[in-house]
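Undergrad: Have a look at the structure that comes next, please.
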Amino acid sequence: MRLAPKGGARLRELAVTTSAIAAITLVLGTAANVVSPRRIAWTEDWSHYIEARAIREGLSLITTAQAHDFFVKGTHLFLDARTDEEYRAGRIPGAFSVPFTALESSLPEVQQLLSPSFPIVTYCSGEACDESFLLAVELKRQGLTNVVLYASGFDKWVEAGHPAERGP
Amino acid sequence: MRRAIEWLCAILLAVVFLAACIPKIASPHDFAVAVFRYQILPHGLINLAAIYLPWLELVSAVALLAPGWRRGAAWILFAMLAVFAAAMAFNLARGVNVSCGCFSVGEDAAVSGWWNVARNIALMAAAFVVLRTTGKKQADLHPV
């Protein structure tokens, strides 16, 4: 007797195994995200995330490696958007202090040094702060065309072992 | 010979996906950021993808090593690889430079390029071989 390949049975078997894999995934993923100390929210409003806001504003973002590359090559001016105290406590070497909270007094001084297309990097502490984003938006609004945002900020810079300087 | 090729491709895929899922499971937030940076998924699905996708990779990779589960696992991995390749190609085509998020979820992971798309297509070929050879073997069990 000749038996044809049992296509229907194979499809059923495929459906059973893929469903079982999906079910196990669901159980393990759920369990891990319930018990793990690194669990994350099931859903999150990413529109408040600094990178989402930057993308909406058409700002370019750079990573720590890119920021370090610009720093080493000396191609960009780094603007520190944190408070003066934070700036004095530690900053990317050579960065100018432009605290967003005192923008009216600090920005004109820097603007005198720059042409509209001068490459600028803005940064603050990290992704939890938005001063660097707000500063970048303001600089763009004032006609500076080559502004990039280092959203990971000074915390990641230090974490990566890159140099920092302190003092006035 | 066919059986050896089937096992070779299955082990290759299993190793690749096991290596890929570990950093994602270890750092779900970083993986969520990597998914977000692709700018493809609706925001409401980003964390869910970051929570479940690595486990789907892990379970499928393990299942691939069990002959009875192999076809199902190979189909899932094939589909995942196709989706990942399409997402990377889409971003490369529209000029969004993001890291692959494949084996490292750090912000400084290398920006993905067409090499990553080609690698995924090569892995899809391996999954296809597994599907074909596993299918043949099963057909042999039901002689015509």
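The chains in the structure tokens are called A, B, ... from first to last as shown; in each chain the residues are counted from 1, and the ligands are counted from 1 in the order shown.
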Determine which residues of stretch 4-87 of chain A DSSP labels as strand (DSSP E) from the backbone of this structure, then write them out as a list in words.
TA: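 Those residues are Ser60, Leu61, Leu77, Phe78, Leu79 and Asp80 of chain A.
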Undergrad: If DSSP is run on the backbone, what residues of stretch 85-156 of chain A are helix (DSSP H, G or I)? A reply as a VMD selection string would be ideal.
TA: chain A and resid 85 to 89 100 to 111 131 to 141 153 to 156
Undergrad: Quick one: write out the picked residues with C-alpha atoms as a compact mmCIF listing (two decimals), in the first residue's frame?
TA:
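File produced: selection-v8.txt:
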```txt
# COMPACT_ATOMS: atom_id res chain seq x y z
CA GLU A 85 27.47 73.83 40.13
CA GLU A 86 27.25 70.60 38.18
CA TYR A 87 29.54 72.04 35.52
CA ARG A 88 32.17 72.94 38.12
CA ALA A 89 31.93 69.52 39.74
CA PHE A 100 19.59 76.14 30.32
CA THR A 101 18.16 77.64 33.50
CA ALA A 102 20.20 80.80 32.85
CA LEU A 103 20.11 80.80 29.08
CA GLU A 104 19.54 84.53 28.60
CA SER A 105 22.82 85.42 30.29
CA SER A 106 24.99 82.53 29.12
CA LEU A 107 24.00 82.09 25.50
CA PRO A 108 24.99 85.50 24.03
CA GLU A 109 28.56 84.98 25.23
CA VAL A 110 28.82 81.67 23.37
CA GLN A 111 26.98 82.95 20.32
CA GLU A 131 18.24 70.61 29.44
CA SER A 132 20.56 69.54 26.62
CA PHE A 133 17.56 68.77 24.41
CA LEU A 134 15.93 72.13 25.22
CA LEU A 135 19.23 73.94 24.62
CA ALA A 136 19.66 72.20 21.26
CA VAL A 137 16.14 73.18 20.24
CA GLU A 138 16.78 76.77 21.29
CA LEU A 139 20.08 76.91 19.40
CA LYS A 140 18.38 75.62 16.27
CA ARG A 141 15.61 78.18 16.73
CA GLY A 153 25.19 62.77 28.70
CA PHE A 154 27.96 63.24 31.21
CA ASP A 155 27.07 60.18 33.33
CA LYS A 156 27.66 57.79 30.41
```
Undergrad: Near chain B, which residues of chain A fall within 9 Å when you count only C-alpha atoms, and what do they look like as a ChimeraX atom specification?
TA: /A:1-7,10,13-19,21-22,24-26,28-30,32-33,38-47,51-52,63-66,152
Undergrad: Please identify all polymer residues within 12 Å of B:Leu8, counting only C-alpha atoms, omitting same-chain residues fewer than 2 positions from it, and present them as a PyMOL selection string.
TA: chain B and resi 1-6+10-15+64-65+126-127+129-130+133
Undergrad: Any chance you can output those residues with all heavy atoms as a tab-separated table (two decimals), in the first residue's frame?
TA:
```tsv
chain	number	residue	atom	x	y	z
B	1	MET	N	24.05	12.06	5.26
B	1	MET	CA	24.59	13.36	4.87
B	1	MET	C	23.55	14.47	5.12
B	1	MET	O	23.84	15.52	5.67
B	1	MET	CB	25.00	13.34	3.39
B	1	MET	CG	25.63	14.62	2.90
B	1	MET	SD	27.21	14.99	3.73
B	1	MET	CE	27.70	16.47	2.94
B	2	ARG	N	22.32	14.19	4.67
B	2	ARG	CA	21.24	15.17	4.84
B	2	ARG	C	21.00	15.45	6.32
B	2	ARG	O	20.80	16.58	6.74
B	2	ARG	CB	19.98	14.63	4.17
B	2	ARG	CG	18.77	15.53	4.36
B	2	ARG	CD	17.62	15.03	3.52
B	2	ARG	NE	17.84	15.36	2.13
B	2	ARG	CZ	17.21	14.77	1.12
B	2	ARG	NH1	16.40	13.77	1.35
B	2	ARG	NH2	17.44	15.15	-0.11
B	3	ARG	N	21.08	14.37	7.09
B	3	ARG	CA	20.87	14.50	8.53
B	3	ARG	C	21.99	15.35	9.18
B	3	ARG	O	21.72	16.17	10.06
B	3	ARG	CB	20.86	13.10	9.16
B	3	ARG	CG	20.21	13.02	10.51
B	3	ARG	CD	20.04	11.56	10.90
B	3	ARG	NE	19.76	11.45	12.31
B	3	ARG	CZ	18.58	11.69	12.86
B	3	ARG	NH1	17.57	12.08	12.10
B	3	ARG	NH2	18.38	11.57	14.16
B	4	ALA	N	23.21	15.14	8.69
B	4	ALA	CA	24.35	15.92	9.22
B	4	ALA	C	24.17	17.40	8.91
B	4	ALA	O	24.40	18.27	9.77
B	4	ALA	CB	25.66	15.40	8.62
B	5	ILE	N	23.74	17.71	7.67
B	5	ILE	CA	23.54	19.11	7.28
B	5	ILE	C	22.42	19.73	8.12
B	5	ILE	O	22.51	20.87	8.59
B	5	ILE	CB	23.21	19.21	5.77
B	5	ILE	CG1	24.46	18.82	4.96
B	5	ILE	CG2	22.75	20.61	5.39
B	5	ILE	CD1	24.21	18.67	3.48
B	6	GLU	N	21.36	18.94	8.32
B	6	GLU	CA	20.24	19.42	9.13
B	6	GLU	C	20.71	19.78	10.54
B	6	GLU	O	20.41	20.87	11.06
B	6	GLU	CB	19.16	18.35	9.20
B	6	GLU	CG	17.97	18.74	10.06
B	6	GLU	CD	17.06	17.56	10.35
B	6	GLU	OE1	17.01	16.63	9.51
B	6	GLU	OE2	16.41	17.56	11.40
B	10	ALA	N	20.95	23.44	12.30
B	10	ALA	CA	20.16	23.62	13.53
B	10	ALA	C	21.04	24.11	14.67
B	10	ALA	O	20.68	25.04	15.41
B	10	ALA	CB	19.47	22.31	13.90
B	11	ILE	N	22.23	23.49	14.78
B	11	ILE	CA	23.15	23.90	15.87
B	11	ILE	C	23.64	25.33	15.63
B	11	ILE	O	23.68	26.14	16.56
B	11	ILE	CB	24.33	22.91	15.98
B	11	ILE	CG1	23.81	21.57	16.53
B	11	ILE	CG2	25.43	23.46	16.86
B	11	ILE	CD1	24.81	20.43	16.45
B	12	LEU	N	23.96	25.65	14.37
B	12	LEU	CA	24.41	27.02	14.05
B	12	LEU	C	23.34	28.04	14.47
B	12	LEU	O	23.64	29.03	15.16
B	12	LEU	CB	24.69	27.13	12.55
B	12	LEU	CG	24.89	28.56	12.03
B	12	LEU	CD1	26.26	29.08	12.43
B	12	LEU	CD2	24.74	28.64	10.51
B	13	LEU	N	22.11	27.79	14.06
B	13	LEU	CA	21.02	28.73	14.39
B	13	LEU	C	20.79	28.81	15.90
B	13	LEU	O	20.58	29.90	16.44
B	13	LEU	CB	19.73	28.31	13.68
B	13	LEU	CG	19.67	28.59	12.19
B	13	LEU	CD1	18.52	27.81	11.55
B	13	LEU	CD2	19.51	30.08	11.93
B	14	ALA	N	20.85	27.66	16.55
B	14	ALA	CA	20.62	27.63	18.00
B	14	ALA	C	21.69	28.46	18.73
B	14	ALA	O	21.38	29.27	19.60
B	14	ALA	CB	20.62	26.20	18.51
B	15	VAL	N	22.95	28.27	18.32
B	15	VAL	CA	24.06	29.02	18.96
B	15	VAL	C	23.88	30.52	18.73
B	15	VAL	O	24.01	31.34	19.65
B	15	VAL	CB	25.42	28.52	18.43
B	15	VAL	CG1	26.54	29.46	18.84
B	15	VAL	CG2	25.70	27.11	18.93
B	64	LEU	N	14.83	24.03	18.65
B	64	LEU	CA	15.46	23.63	17.39
B	64	LEU	C	16.34	22.39	17.58
B	64	LEU	O	16.59	21.64	16.64
B	64	LEU	CB	16.32	24.81	16.89
B	64	LEU	CG	16.64	24.88	15.41
B	64	LEU	CD1	15.38	24.97	14.57
B	64	LEU	CD2	17.54	26.08	15.14
B	65	LEU	N	16.81	22.19	18.79
B	65	LEU	CA	17.69	21.05	19.06
B	65	LEU	C	16.91	19.77	19.36
B	65	LEU	O	17.50	18.70	19.50
B	65	LEU	CB	18.64	21.39	20.22
B	65	LEU	CG	19.56	22.61	19.96
B	65	LEU	CD1	20.38	22.94	21.20
B	65	LEU	CD2	20.47	22.35	18.76
B	126	ALA	N	19.95	29.10	6.25
B	126	ALA	CA	20.19	27.96	7.15
B	126	ALA	C	18.87	27.43	7.71
B	126	ALA	O	18.66	26.21	7.78
B	126	ALA	CB	21.13	28.38	8.28
B	127	ALA	N	17.97	28.34	8.08
B	127	ALA	CA	16.66	27.93	8.59
B	127	ALA	C	15.87	27.20	7.51
B	127	ALA	O	15.17	26.22	7.77
B	127	ALA	CB	15.88	29.14	9.10
B	129	VAL	N	17.14	25.47	5.05
B	129	VAL	CA	17.73	24.13	4.92
B	129	VAL	C	17.16	23.20	5.98
B	129	VAL	O	16.79	22.05	5.72
B	129	VAL	CB	19.28	24.20	5.02
B	129	VAL	CG1	19.88	22.81	5.18
B	129	VAL	CG2	19.86	24.89	3.80
B	130	VAL	N	17.07	23.71	7.21
B	130	VAL	CA	16.50	22.91	8.30
B	130	VAL	C	15.06	22.52	7.96
B	130	VAL	O	14.66	21.36	8.11
B	130	VAL	CB	16.54	23.68	9.64
B	130	VAL	CG1	15.78	22.93	10.72
B	130	VAL	CG2	17.98	23.91	10.08
B	133	THR	N	15.12	19.88	5.02
B	133	THR	CA	15.65	18.55	5.37
B	133	THR	C	14.78	17.86	6.41
B	133	THR	O	14.52	16.68	6.32
B	133	THR	CB	17.11	18.66	5.90
B	133	THR	OG1	17.14	19.67	6.89
B	133	THR	CG2	18.06	19.00	4.79
```
Undergrad: Which distance in Å separates atom CA of B:Lys24 and atom CA of A:Pro163, to one decimal?
TA: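 Spanning atom CA of B:Lys24 to atom CA of A:Pro163 is a straight-line distance of 29.3 Å.
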Undergrad: Looking at only C-alpha atoms, which of B:Ala34, B:Met88, B:Arg132, B:Gly101 is the one that sits closest to B:Val117?
TA: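 Closest to B:Val117, using only C-alpha atoms: B:Met88.
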